[in-house]
Every structure is written in C-alpha cells, then in structure tokens.
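Student: Starting off with a structure, shown below.
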2 protein chains.
Amino acid sequence: MALEHLFQGSALNGVDAKGRVSVPAFLRSVIERRGDARTIVLAKHETFACLSAYDPAYAALKHSKIERLLEKSEQEEGAQLAYQQRNLLAFAVSEEVPYDSTGRILLPAMMRRKGGISDLVLFLGVGETFQIWNPETLLGDDRIPEDLKDVCRYRLEERGLA
Amino acid sequence: MALEHLFQGSALNGVDAKGRVSVPAFLRSVIERRGDARTIVLAKHETFACLSAYDPAYAALKHSKIERLLEKSEQEEGAQLAYQQRNLLAFAVSEEVPYDSTGRILLPAMMRRKGGISDLVLFLGVGETFQIWNPETLLGDDRIPEDLKDVCRYRLEERGLA
DNA sequence: TCAAATCCCATTGAGTCCCATGGTCACCCG
DNA sequence: CGGGTGACCATGGGACTCAATGGGATTTGA
C-alpha cells in the first residue's frame with residue numbers, strides 16, 4: 001500500500017473565538033489530491049495525547065490495516081480484545097468534519113477535549129496522516145524527539161510566543 | 001533500490017533579499033527525470049549541520065522503508081512508538097517546496113535556521129540526495145575531507161570571495 | 001426563539017509569478 | 001581560427017495572488 005501523496009511539514013495556527021482553525025493549505029492540497037473530498041476525519045491518536053487526522057479515503061484503509069493486524073496475531077492471547085479495542089478507538093472515537101471555502105474547520109468540543117486543545121494548534125505531517133497537537137502538550141511529552149520539539153519552539157517564536 | 005538518476009556535482013549560489021535561491025539546473029534535471037515533480041523536499045541532515053534535499057518520489061521511498069520496518073517488528077515491545085517517532089522525524093521535520101519556472105525555491109525561514117544558512121549556499125550532489133550547506137559551516141567542520149573543502153574554496157574564489 | 005454553526009466579505013502580509021538583465025558557454029559560419 | 005550569435009542559467013525587482021484570520025450576517029436545529 002504505497003500512498004502517492006504524503007502529508008509533510010508543520011504549521012502553528014490559531015483557534016479563534018468561535019473554535020475555528022485554518023487547516024494549512026499544504027495539508028489540504030494532499031487531501032484533495034488523494035480524493036476530491038473537502039473533509040477531514042479526526043480521531044484520538046493511539047499513542048500520543050493529540051489528534052490524528054486524515055482524509056475520508058484513508059479511513060477505509062485504516063480499517064483493513066486493523067484487520068490485517070488481527071489476522072497476524074489471531075492465536076495470541078487477548079488478540080480478539082485488542083482488535084475490538086482498536087476498532088472502537090479508530091471508528092467510534094472519531095468525527096468527520098468538512099472545511100469551508102477558506103479552509104477552516106470547526107473543532108468539535110469533544111475533540112478539543114481529547115486533544116487537550118486550547119487556542120493554538122500545531123499541525124504535523126506524518127506521511128499517511130497528520131497530527132494536531134496542543135504545542136504545550138508536545139513540548140511536555142518525553143517520547144517526542146528533541147528535533148521535533150525544536151520545530152515546535154521555532155513555530156512558537158515565529159508567532160512571537162517565546 | 002537502485003535509483004537510476006543520481007545527484008552529483010557542486011555549485012555555489014546566492015540567497016537574495018527575499019530568501020530565494022536558484023536550484024542548480026543539473027540538480028533540477030535529476031529531479032525531473034526521477035518523477036515529474038517540480039518540487040524538492042528539504043530536511044535537516046541527520047549527521048551534519050546542513051540541509052538534506054531530495055525529490056518527492058524519494059520521500060515516498062523513505063516512507064515505505066519505515067512501513068516495512070514496522071511490519072517486521074510489529075509484535076516487539078516499543079515497536080509502535082519507534083515507528084511513530086521515525087515518521088514524525090521523517091515528515092514533520094521537513095518541508096516540501098516547489099521551484100518556479102526560473103528554478104528558484106524560497107528557503108523557508110525554519111530551514112534557513114536549521115541549516116545555518118545566510119546569503120550563500122553550497123549545493124552538493126550525494127547520489128540519492130543532495131545537500132545544502134552554508135560554505136563557512138562546511139569549511140569549519142573537521143569531519144569534512146580536505147578535498148571537498150577545496151571544492152568549496154574553489155567555488156568561493158570563482159565568485160571572487162576568497 | 002436562542003444558540004450554534006455556516007456563509008460571506010474584508011484585511012494584510014507572505015509567498016509566487018512574470019519580465020528584464022547580464023554573464024557564460026557552445027556552436028556555427030565566415 | 002576567431003568572432004558572432006543564440007541558448008541557458010543565475011539573479012533582481014515589481015506586481016499580483018492567495019493563505020490565514022477577524023468580524024458580521026444568515027441559516028439551522030433543538
């Protein structure tokens with residue numbers, strides 16, 4: 001499964017009073033090249049305290065990935081349960097939101113809570129998907145490589161928020 | 001994975017007031033032979049204080065390498081986390097920039113900082129990728145072979161900057 | 001009917017495009 | 001052989017486009 005168009009790059013955008021966020025144009029262009037949707041799917045990230053986001057077409061792919069994982073580890077203890085849990089997280093704890101003509105989405109309240117989002121969000125391309133972080137959370141996570149934290153700090157400075 | 005077209009050669013170009021740089025024509029021609037993109041991907045070099053650059057197709061290759069790594073070690077402890085970290089570094093700490101009809105890119109401010117770039121850049125073809133250096137940094141790095149530094153000095157002289 | 005969500009328009013500043021210049025090199029023809 | 005000519009490349013500058021964001025107006029749904 002080699003996806004042709006990959007998400008990459010980073011950006012720090014503001015959340016306005018209405019809860020709106022501009023999805024960076026370079027991410028939107030990948031979404032639109034992968035399909036013709038002007039919609040993104042938001043989910044809780046399985047490893048980090050952030051949100052994972054992708055285009056609707058990728059959601060289907062994700063499903064088959066989970067299936068494949070199950071088949072691989074079927075005989076193992078607890079495989080079924082792990083499978084059920086993964087599926088729940090991937091699909092029940094997710095929401096599809098459209099972006100408008102200026103490229104903004106409205107972050108649903110639940111997702112804002114799950115991702116610990118306040119008034120600034122850091123977008124990070126990760127190839128097949130992209131992530132949406134509260135920059136403070138990222139800086140506080142010790143599993144995050146230092147080079148990436150540098151990117152985050154740089155983006156904050158750029159906005160005059162040392 | 002033997003790439004057919006390889007980056008080679010060197011050039012010293014200027015960065016103008018807007019932060020624009022001409023990508024040497026001999027590098028662009030490799031990019032366009034590898035795929036039909038007119039964009040390059042910039043990333044911090046993992047070893048040296050310079051930037052690493054390649055075409056989008058090579059980025060996809062990099063991605064599938066990481067995927068394969070994951071599948072190999074899926075059951076292992078911490079495999080998932082290592083995978084996440086690799087992906088973040090490969091994609092979030094990089095930027096894709098298009099070059100215009102005259103072959104120029106705009107060096108993003110973050111990359112200029114990461115690569116210690118000021119007003120002169122040295123391009124070095126290194127096979128699968130190419131590197132972008134501040135010539136001063138290269139001359140000051142004691143891991144760089146003297147022969148290569150000579151190339152750098154030669155390019156500087158050529159421009160009347162002994 | 002009220003609040004929330006969507007749409008529409010305005011601003012501004014960064015990024016992109018387009019055209020022009022000058023230099024170098026290769027090629028061609030006298 | 002030598003000068004002319006044209007192509008291509010690096011570079012400068014001005015004009016313009018578009019992305020990110022703010023605010024008001026309109027619609028939708030409980």
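Here's how to read the names in the structure tokens: chain A, B, ... by the order shown, residue numbers from 1 in each chain, ligand numbers from 1 in the order shown.
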What are the closest atom pairs, with distances in Å to one decimal, for all residues of chain C lying within 12 Å of chain B? Consider only C-alpha atoms (C1' of nucleotides), order rows by chain and residue number, and present the result as a Markdown table.

Tutor:
```
| residue | atom | partner | partner_atom | distance |
| --- | --- | --- | --- | --- |
| C:DA14 | C1' | B:Lys18 | CA | 10.4 |
| C:DG15 | C1' | B:Leu106 | CA | 8.3 |
| C:DT16 | C1' | B:Asp100 | CA | 8.1 |
| C:DC17 | C1' | B:Asp100 | CA | 8.2 |
| C:DC18 | C1' | B:Ser101 | CA | 9.6 |
| C:DC19 | C1' | B:Thr102 | CA | 11.3 |
```

Student: Any chance you could export the current selection's N, CA and C atoms (P, O5', C5', C4', C3', O3' and C1' of nucleotides) as an mmCIF file, in the first residue's frame?

Tutor:
```cif
data_model
loop_
_atom_site.group_PDB
_atom_site.id
_atom_site.type_symbol
_atom_site.label_atom_id
_atom_site.label_comp_id
_atom_site.auth_asym_id
_atom_site.auth_seq_id
_atom_site.Cartn_x
_atom_site.Cartn_y
_atom_site.Cartn_z
ATOM 1 P P DA C 14 5.205 39.469 6.237
ATOM 2 O "O5'" DA C 14 5.430 37.936 5.886
ATOM 3 C "C5'" DA C 14 4.471 36.981 6.327
ATOM 4 C "C4'" DA C 14 4.124 36.029 5.197
ATOM 5 C "C3'" DA C 14 5.347 35.514 4.435
ATOM 6 O "O3'" DA C 14 5.164 34.127 4.246
ATOM 7 C "C1'" DA C 14 3.800 36.472 2.919
ATOM 8 P P DG C 15 6.382 33.232 3.838
ATOM 9 O "O5'" DG C 15 5.992 32.808 2.353
ATOM 10 C "C5'" DG C 15 4.730 32.190 2.130
ATOM 11 C "C4'" DG C 15 4.378 32.306 0.662
ATOM 12 C "C3'" DG C 15 5.434 31.741 -0.293
ATOM 13 O "O3'" DG C 15 4.767 30.800 -1.116
ATOM 14 C "C1'" DG C 15 4.721 33.881 -0.997
ATOM 15 P P DT C 16 5.542 29.995 -2.236
ATOM 16 O "O5'" DT C 16 5.107 30.754 -3.566
ATOM 17 C "C5'" DT C 16 3.721 30.980 -3.785
ATOM 18 C "C4'" DT C 16 3.517 31.656 -5.119
ATOM 19 C "C3'" DT C 16 4.373 31.108 -6.258
ATOM 20 O "O3'" DT C 16 3.490 30.739 -7.307
ATOM 21 C "C1'" DT C 16 4.535 33.483 -6.147
ATOM 22 P P DC C 17 4.045 30.202 -8.700
ATOM 23 O "O5'" DC C 17 3.992 31.526 -9.582
ATOM 24 C "C5'" DC C 17 2.744 32.183 -9.742
ATOM 25 C "C4'" DC C 17 2.928 33.393 -10.625
ATOM 26 C "C3'" DC C 17 3.657 33.100 -11.935
ATOM 27 O "O3'" DC C 17 2.859 33.609 -13.004
ATOM 28 C "C1'" DC C 17 4.654 34.950 -10.798
ATOM 29 P P DC C 18 3.196 33.285 -14.489
ATOM 30 O "O5'" DC C 18 3.852 34.645 -14.986
ATOM 31 C "C5'" DC C 18 3.274 35.883 -14.577
ATOM 32 C "C4'" DC C 18 4.171 37.023 -15.000
ATOM 33 C "C3'" DC C 18 4.985 36.735 -16.265
ATOM 34 O "O3'" DC C 18 4.846 37.829 -17.146
ATOM 35 C "C1'" DC C 18 6.415 37.435 -14.522
ATOM 36 P P DC C 19 5.269 37.670 -18.672
ATOM 37 O "O5'" DC C 19 6.416 38.770 -18.802
ATOM 38 C "C5'" DC C 19 6.193 40.071 -18.254
ATOM 39 C "C4'" DC C 19 7.516 40.731 -17.933
ATOM 40 C "C3'" DC C 19 8.550 40.644 -19.074
ATOM 41 O "O3'" DC C 19 9.024 41.950 -19.344
ATOM 42 C "C1'" DC C 19 9.520 40.045 -17.016
#
```

Student: Counting only C-alpha atoms (C1' of nucleotides), which residues from chain D have an atom at most 9 Å from any atom of chain B, and could you show them as a PyMOL selection string?

Tutor: chain D and resi 9-12

Student: Mind writing the picked residues with C-alpha atoms (C1' of nucleotides) as a short mmCIF file (atom, residue, chain, number, x, y, z; two decimals), in the first residue's frame?

Tutor:
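Heads up, here's the output in result22.cif:
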```
data_model
loop_
_atom_site.label_atom_id
_atom_site.label_comp_id
_atom_site.auth_asym_id
_atom_site.auth_seq_id
_atom_site.Cartn_x
_atom_site.Cartn_y
_atom_site.Cartn_z
"C1'" DC D 9 21.36 29.98 -16.34
"C1'" DA D 10 21.59 32.82 -12.10
"C1'" DT D 11 19.66 36.87 -10.38
"C1'" DG D 12 16.94 41.47 -9.46
#
```

Student: Is it possible to get the superposed chain B, fitted on chain A over all Cα pairs by sequence order, as a PDB file with C-alpha atoms, in the first residue's frame?

Tutor:
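Saved as part15.pdb:
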```pdb
ATOM      1  CA  MET B   1       1.242   0.190   1.244  1.00  0.00           C
ATOM      2  CA  ALA B   2       3.252   3.110  -0.050  1.00  0.00           C
ATOM      3  CA  LEU B   3       1.071   6.159  -0.059  1.00  0.00           C
ATOM      4  CA  GLU B   4       1.886   8.403  -2.883  1.00  0.00           C
ATOM      5  CA  HIS B   5       1.258  11.739  -1.273  1.00  0.00           C
ATOM      6  CA  LEU B   6       2.750  12.440   2.106  1.00  0.00           C
ATOM      7  CA  PHE B   7       1.987  15.050   4.713  1.00  0.00           C
ATOM      8  CA  GLN B   8       4.907  17.301   5.533  1.00  0.00           C
ATOM      9  CA  GLY B   9       5.687  20.678   6.934  1.00  0.00           C
ATOM     10  CA  SER B  10       4.488  22.653   9.922  1.00  0.00           C
ATOM     11  CA  ALA B  11       2.216  25.570  10.673  1.00  0.00           C
ATOM     12  CA  LEU B  12       0.847  27.393  13.672  1.00  0.00           C
ATOM     13  CA  ASN B  13      -2.738  28.556  13.410  1.00  0.00           C
ATOM     14  CA  GLY B  14      -5.239  30.153  15.731  1.00  0.00           C
ATOM     15  CA  VAL B  15      -8.467  28.721  17.106  1.00  0.00           C
ATOM     16  CA  ASP B  16     -11.184  31.345  16.995  1.00  0.00           C
ATOM     17  CA  ALA B  17     -14.003  31.960  19.437  1.00  0.00           C
ATOM     18  CA  LYS B  18     -16.216  29.426  17.721  1.00  0.00           C
ATOM     19  CA  GLY B  19     -13.565  26.739  17.869  1.00  0.00           C
ATOM     20  CA  ARG B  20     -12.694  26.993  14.205  1.00  0.00           C
ATOM     21  CA  VAL B  21      -9.202  26.366  12.800  1.00  0.00           C
ATOM     22  CA  SER B  22      -7.830  26.776   9.321  1.00  0.00           C
ATOM     23  CA  VAL B  23      -6.254  23.558   8.142  1.00  0.00           C
ATOM     24  CA  PRO B  24      -3.038  24.676   6.400  1.00  0.00           C
ATOM     25  CA  ALA B  25      -3.432  24.681   2.640  1.00  0.00           C
ATOM     26  CA  PHE B  26      -0.405  22.421   2.110  1.00  0.00           C
ATOM     27  CA  LEU B  27      -2.035  19.687   4.188  1.00  0.00           C
ATOM     28  CA  ARG B  28      -5.399  20.086   2.498  1.00  0.00           C
ATOM     29  CA  SER B  29      -3.802  19.684  -0.877  1.00  0.00           C
ATOM     30  CA  VAL B  30      -2.428  16.268   0.172  1.00  0.00           C
ATOM     31  CA  ILE B  31      -5.854  15.188   1.394  1.00  0.00           C
ATOM     32  CA  GLU B  32      -7.427  16.171  -1.871  1.00  0.00           C
ATOM     33  CA  ARG B  33      -4.778  14.443  -3.921  1.00  0.00           C
ATOM     34  CA  ARG B  34      -5.226  11.221  -1.957  1.00  0.00           C
ATOM     35  CA  GLY B  35      -8.958  11.145  -2.526  1.00  0.00           C
ATOM     36  CA  ASP B  36     -11.525  13.699  -3.374  1.00  0.00           C
ATOM     37  CA  ALA B  37     -12.860  14.152   0.118  1.00  0.00           C
ATOM     38  CA  ARG B  38     -12.835  17.497   1.805  1.00  0.00           C
ATOM     39  CA  THR B  39     -12.922  15.951   5.252  1.00  0.00           C
ATOM     40  CA  ILE B  40     -10.371  14.915   7.809  1.00  0.00           C
ATOM     41  CA  VAL B  41     -10.533  12.245  10.478  1.00  0.00           C
ATOM     42  CA  LEU B  42      -9.388  13.227  13.948  1.00  0.00           C
ATOM     43  CA  ALA B  43      -8.296  10.763  16.619  1.00  0.00           C
ATOM     44  CA  LYS B  44      -6.367  10.800  19.862  1.00  0.00           C
ATOM     45  CA  HIS B  45      -2.725  10.036  19.164  1.00  0.00           C
ATOM     46  CA  GLU B  46      -1.705   6.689  20.632  1.00  0.00           C
ATOM     47  CA  THR B  47       1.606   7.868  22.027  1.00  0.00           C
ATOM     48  CA  PHE B  48       1.552  11.626  22.467  1.00  0.00           C
ATOM     49  CA  ALA B  49      -0.835  14.057  24.093  1.00  0.00           C
ATOM     50  CA  CYS B  50      -1.948  15.418  20.747  1.00  0.00           C
ATOM     51  CA  LEU B  51      -4.366  14.611  17.978  1.00  0.00           C
ATOM     52  CA  SER B  52      -3.668  12.481  14.972  1.00  0.00           C
ATOM     53  CA  ALA B  53      -5.356  13.389  11.714  1.00  0.00           C
ATOM     54  CA  TYR B  54      -5.695  11.832   8.301  1.00  0.00           C
ATOM     55  CA  ASP B  55      -7.930  11.601   5.283  1.00  0.00           C
ATOM     56  CA  PRO B  56     -10.911   9.206   5.079  1.00  0.00           C
ATOM     57  CA  ALA B  57      -9.135   6.960   2.582  1.00  0.00           C
ATOM     58  CA  TYR B  58      -6.428   6.318   5.149  1.00  0.00           C
ATOM     59  CA  ALA B  59      -9.104   5.376   7.669  1.00  0.00           C
ATOM     60  CA  ALA B  60     -10.373   2.736   5.252  1.00  0.00           C
ATOM     61  CA  LEU B  61      -6.843   1.428   4.941  1.00  0.00           C
ATOM     62  CA  LYS B  62      -6.618   1.193   8.669  1.00  0.00           C
ATOM     63  CA  HIS B  63      -9.837  -0.760   8.684  1.00  0.00           C
ATOM     64  CA  SER B  64      -8.658  -3.359   6.201  1.00  0.00           C
ATOM     65  CA  LYS B  65      -5.482  -3.803   8.204  1.00  0.00           C
ATOM     66  CA  ILE B  66      -7.569  -4.699  11.230  1.00  0.00           C
ATOM     67  CA  GLU B  67      -9.684  -7.076   9.149  1.00  0.00           C
ATOM     68  CA  ARG B  68      -6.637  -8.866   7.861  1.00  0.00           C
ATOM     69  CA  LEU B  69      -5.321  -9.217  11.356  1.00  0.00           C
ATOM     70  CA  LEU B  70      -8.511 -10.938  12.384  1.00  0.00           C
ATOM     71  CA  GLU B  71      -8.525 -13.393   9.510  1.00  0.00           C
ATOM     72  CA  LYS B  72      -4.996 -14.379  10.320  1.00  0.00           C
ATOM     73  CA  SER B  73      -5.741 -15.303  13.896  1.00  0.00           C
ATOM     74  CA  GLU B  74      -9.372 -16.207  13.716  1.00  0.00           C
ATOM     75  CA  GLN B  75      -9.151 -19.515  15.522  1.00  0.00           C
ATOM     76  CA  GLU B  76      -7.024 -18.222  18.330  1.00  0.00           C
ATOM     77  CA  GLU B  77      -8.319 -17.690  21.792  1.00  0.00           C
ATOM     78  CA  GLY B  78      -9.480 -14.127  22.315  1.00  0.00           C
ATOM     79  CA  ALA B  79      -8.985 -13.101  18.720  1.00  0.00           C
ATOM     80  CA  GLN B  80     -12.565 -12.030  18.389  1.00  0.00           C
ATOM     81  CA  LEU B  81     -12.383  -9.801  21.440  1.00  0.00           C
ATOM     82  CA  ALA B  82      -9.126  -8.213  20.394  1.00  0.00           C
ATOM     83  CA  TYR B  83     -10.668  -7.462  17.038  1.00  0.00           C
ATOM     84  CA  GLN B  84     -13.678  -5.813  18.621  1.00  0.00           C
ATOM     85  CA  GLN B  85     -11.492  -3.695  20.842  1.00  0.00           C
ATOM     86  CA  ARG B  86      -9.269  -2.549  18.017  1.00  0.00           C
ATOM     87  CA  ASN B  87     -12.228  -1.531  15.944  1.00  0.00           C
ATOM     88  CA  LEU B  88     -13.783   0.394  18.780  1.00  0.00           C
ATOM     89  CA  LEU B  89     -10.608   2.334  19.375  1.00  0.00           C
ATOM     90  CA  ALA B  90      -9.991   3.017  15.704  1.00  0.00           C
ATOM     91  CA  PHE B  91     -13.487   4.193  14.902  1.00  0.00           C
ATOM     92  CA  ALA B  92     -15.447   5.124  17.997  1.00  0.00           C
ATOM     93  CA  VAL B  93     -12.662   7.228  19.464  1.00  0.00           C
ATOM     94  CA  SER B  94     -12.400   9.350  16.357  1.00  0.00           C
ATOM     95  CA  GLU B  95     -14.450  11.889  14.459  1.00  0.00           C
ATOM     96  CA  GLU B  96     -14.747  12.835  10.857  1.00  0.00           C
ATOM     97  CA  VAL B  97     -15.041  16.566  10.251  1.00  0.00           C
ATOM     98  CA  PRO B  98     -15.501  18.348   6.945  1.00  0.00           C
ATOM     99  CA  TYR B  99     -13.680  21.544   6.180  1.00  0.00           C
ATOM    100  CA  ASP B 100     -15.516  24.378   4.518  1.00  0.00           C
ATOM    101  CA  SER B 101     -14.727  26.314   1.388  1.00  0.00           C
ATOM    102  CA  THR B 102     -12.221  28.456   3.251  1.00  0.00           C
ATOM    103  CA  GLY B 103     -10.455  25.365   4.585  1.00  0.00           C
ATOM    104  CA  ARG B 104     -11.600  25.542   8.177  1.00  0.00           C
ATOM    105  CA  ILE B 105     -12.746  22.771  10.467  1.00  0.00           C
ATOM    106  CA  LEU B 106     -14.623  23.023  13.707  1.00  0.00           C
ATOM    107  CA  LEU B 107     -12.594  21.201  16.339  1.00  0.00           C
ATOM    108  CA  PRO B 108     -15.117  19.070  18.230  1.00  0.00           C
ATOM    109  CA  ALA B 109     -15.159  19.858  21.933  1.00  0.00           C
ATOM    110  CA  MET B 110     -14.210  16.306  22.828  1.00  0.00           C
ATOM    111  CA  MET B 111     -11.158  16.399  20.599  1.00  0.00           C
ATOM    112  CA  ARG B 112     -10.169  19.775  21.937  1.00  0.00           C
ATOM    113  CA  ARG B 113     -10.154  18.238  25.361  1.00  0.00           C
ATOM    114  CA  LYS B 114      -8.348  15.036  24.356  1.00  0.00           C
ATOM    115  CA  GLY B 115      -5.657  17.006  22.589  1.00  0.00           C
ATOM    116  CA  GLY B 116      -5.387  19.656  25.309  1.00  0.00           C
ATOM    117  CA  ILE B 117      -6.105  22.296  22.682  1.00  0.00           C
ATOM    118  CA  SER B 118      -6.739  25.899  23.655  1.00  0.00           C
ATOM    119  CA  ASP B 119      -6.322  28.860  21.288  1.00  0.00           C
ATOM    120  CA  LEU B 120      -3.280  27.948  19.223  1.00  0.00           C
ATOM    121  CA  VAL B 121      -2.579  24.760  17.318  1.00  0.00           C
ATOM    122  CA  LEU B 122       0.581  23.467  15.732  1.00  0.00           C
ATOM    123  CA  PHE B 123       0.164  21.303  12.650  1.00  0.00           C
ATOM    124  CA  LEU B 124       2.934  18.805  11.918  1.00  0.00           C
ATOM    125  CA  GLY B 125       3.069  16.653   8.822  1.00  0.00           C
ATOM    126  CA  VAL B 126       4.333  13.139   9.611  1.00  0.00           C
ATOM    127  CA  GLY B 127       4.059  11.305   6.306  1.00  0.00           C
ATOM    128  CA  GLU B 128       0.976   9.137   6.294  1.00  0.00           C
ATOM    129  CA  THR B 129      -0.790  11.310   8.841  1.00  0.00           C
ATOM    130  CA  PHE B 130      -0.385  14.669  10.455  1.00  0.00           C
ATOM    131  CA  GLN B 131      -0.542  15.780  14.069  1.00  0.00           C
ATOM    132  CA  ILE B 132      -2.291  18.614  15.818  1.00  0.00           C
ATOM    133  CA  TRP B 133      -0.648  19.912  18.975  1.00  0.00           C
ATOM    134  CA  ASN B 134      -1.071  22.505  21.599  1.00  0.00           C
ATOM    135  CA  PRO B 135       2.386  24.120  21.171  1.00  0.00           C
ATOM    136  CA  GLU B 136       2.836  24.379  24.934  1.00  0.00           C
ATOM    137  CA  THR B 137       2.269  20.654  25.324  1.00  0.00           C
ATOM    138  CA  LEU B 138       4.839  19.905  22.660  1.00  0.00           C
ATOM    139  CA  LEU B 139       7.446  22.115  24.284  1.00  0.00           C
ATOM    140  CA  GLY B 140       6.785  20.409  27.600  1.00  0.00           C
ATOM    141  CA  ASP B 141       7.133  16.836  26.324  1.00  0.00           C
ATOM    142  CA  ASP B 142      10.645  15.516  26.935  1.00  0.00           C
ATOM    143  CA  ARG B 143      10.289  12.814  24.312  1.00  0.00           C
ATOM    144  CA  ILE B 144      10.192  15.472  21.597  1.00  0.00           C
ATOM    145  CA  PRO B 145      13.538  16.135  19.844  1.00  0.00           C
ATOM    146  CA  GLU B 146      14.977  19.559  20.432  1.00  0.00           C
ATOM    147  CA  ASP B 147      15.058  20.325  16.724  1.00  0.00           C
ATOM    148  CA  LEU B 148      11.332  19.946  16.535  1.00  0.00           C
ATOM    149  CA  LYS B 149      10.812  22.140  19.549  1.00  0.00           C
ATOM    150  CA  ASP B 150      12.884  24.761  17.757  1.00  0.00           C
ATOM    151  CA  VAL B 151      10.445  24.653  14.883  1.00  0.00           C
ATOM    152  CA  CYS B 152       7.652  25.188  17.341  1.00  0.00           C
ATOM    153  CA  ARG B 153       9.468  28.105  18.995  1.00  0.00           C
ATOM    154  CA  TYR B 154      10.160  29.601  15.625  1.00  0.00           C
ATOM    155  CA  ARG B 155       6.494  29.461  14.659  1.00  0.00           C
ATOM    156  CA  LEU B 156       5.562  31.097  17.921  1.00  0.00           C
ATOM    157  CA  GLU B 157       8.065  33.912  17.432  1.00  0.00           C
ATOM    158  CA  GLU B 158       6.814  34.398  13.917  1.00  0.00           C
ATOM    159  CA  ARG B 159       3.467  35.235  15.433  1.00  0.00           C
ATOM    160  CA  GLY B 160       5.035  37.540  17.990  1.00  0.00           C
ATOM    161  CA  LEU B 161       4.512  35.101  20.840  1.00  0.00           C
ATOM    162  CA  ALA B 162       7.923  34.527  22.236  1.00  0.00           C
TER     163      ALA B 162
END
```

Student: Give me every strand (DSSP E or B) residue in stretch 10-112 of chain B, going by DSSP on the backbone, as a compact mmCIF listing (two decimals) with C-alpha atoms, in the first residue's frame.

Tutor:
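File produced: part-v3.txt:
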```
# COMPACT_ATOMS: atom_id res chain seq x y z
CA SER B 10 28.55 21.12 -6.80
CA ALA B 11 27.53 24.74 -7.11
CA LEU B 12 27.61 27.89 -5.05
CA ASN B 13 24.60 30.15 -5.37
CA GLY B 14 23.39 33.30 -3.68
CA VAL B 15 20.36 33.80 -1.46
CA ARG B 20 15.21 32.89 -2.81
CA VAL B 21 17.85 30.52 -4.21
CA SER B 22 18.32 29.10 -7.66
CA THR B 39 9.35 20.35 -6.05
CA ILE B 40 12.05 19.42 -3.61
CA VAL B 41 11.81 18.16 -0.06
CA LEU B 42 14.07 19.81 2.49
CA ALA B 43 15.04 18.26 5.82
CA LYS B 44 17.68 18.72 8.48
CA LEU B 51 20.15 20.53 4.91
CA SER B 52 19.36 17.37 3.06
CA ALA B 53 17.23 17.61 -0.05
CA TYR B 54 15.55 15.19 -2.39
CA SER B 94 10.78 18.52 6.67
CA GLU B 95 9.16 20.78 4.12
CA GLU B 96 8.22 20.40 0.52
CA VAL B 97 8.90 23.48 -1.59
CA PRO B 98 8.14 23.98 -5.26
CA ARG B 104 14.19 29.07 -7.71
CA ILE B 105 12.91 27.97 -4.34
CA LEU B 106 12.12 30.06 -1.32
```

Student: Give me every helix (DSSP H, G or I) residue in stretch 45-161 of chain B, going by DSSP on the backbone, as a PyMOL selection string.

Tutor: chain B and resi 56-72+79-92+109-114+135-140+146-158
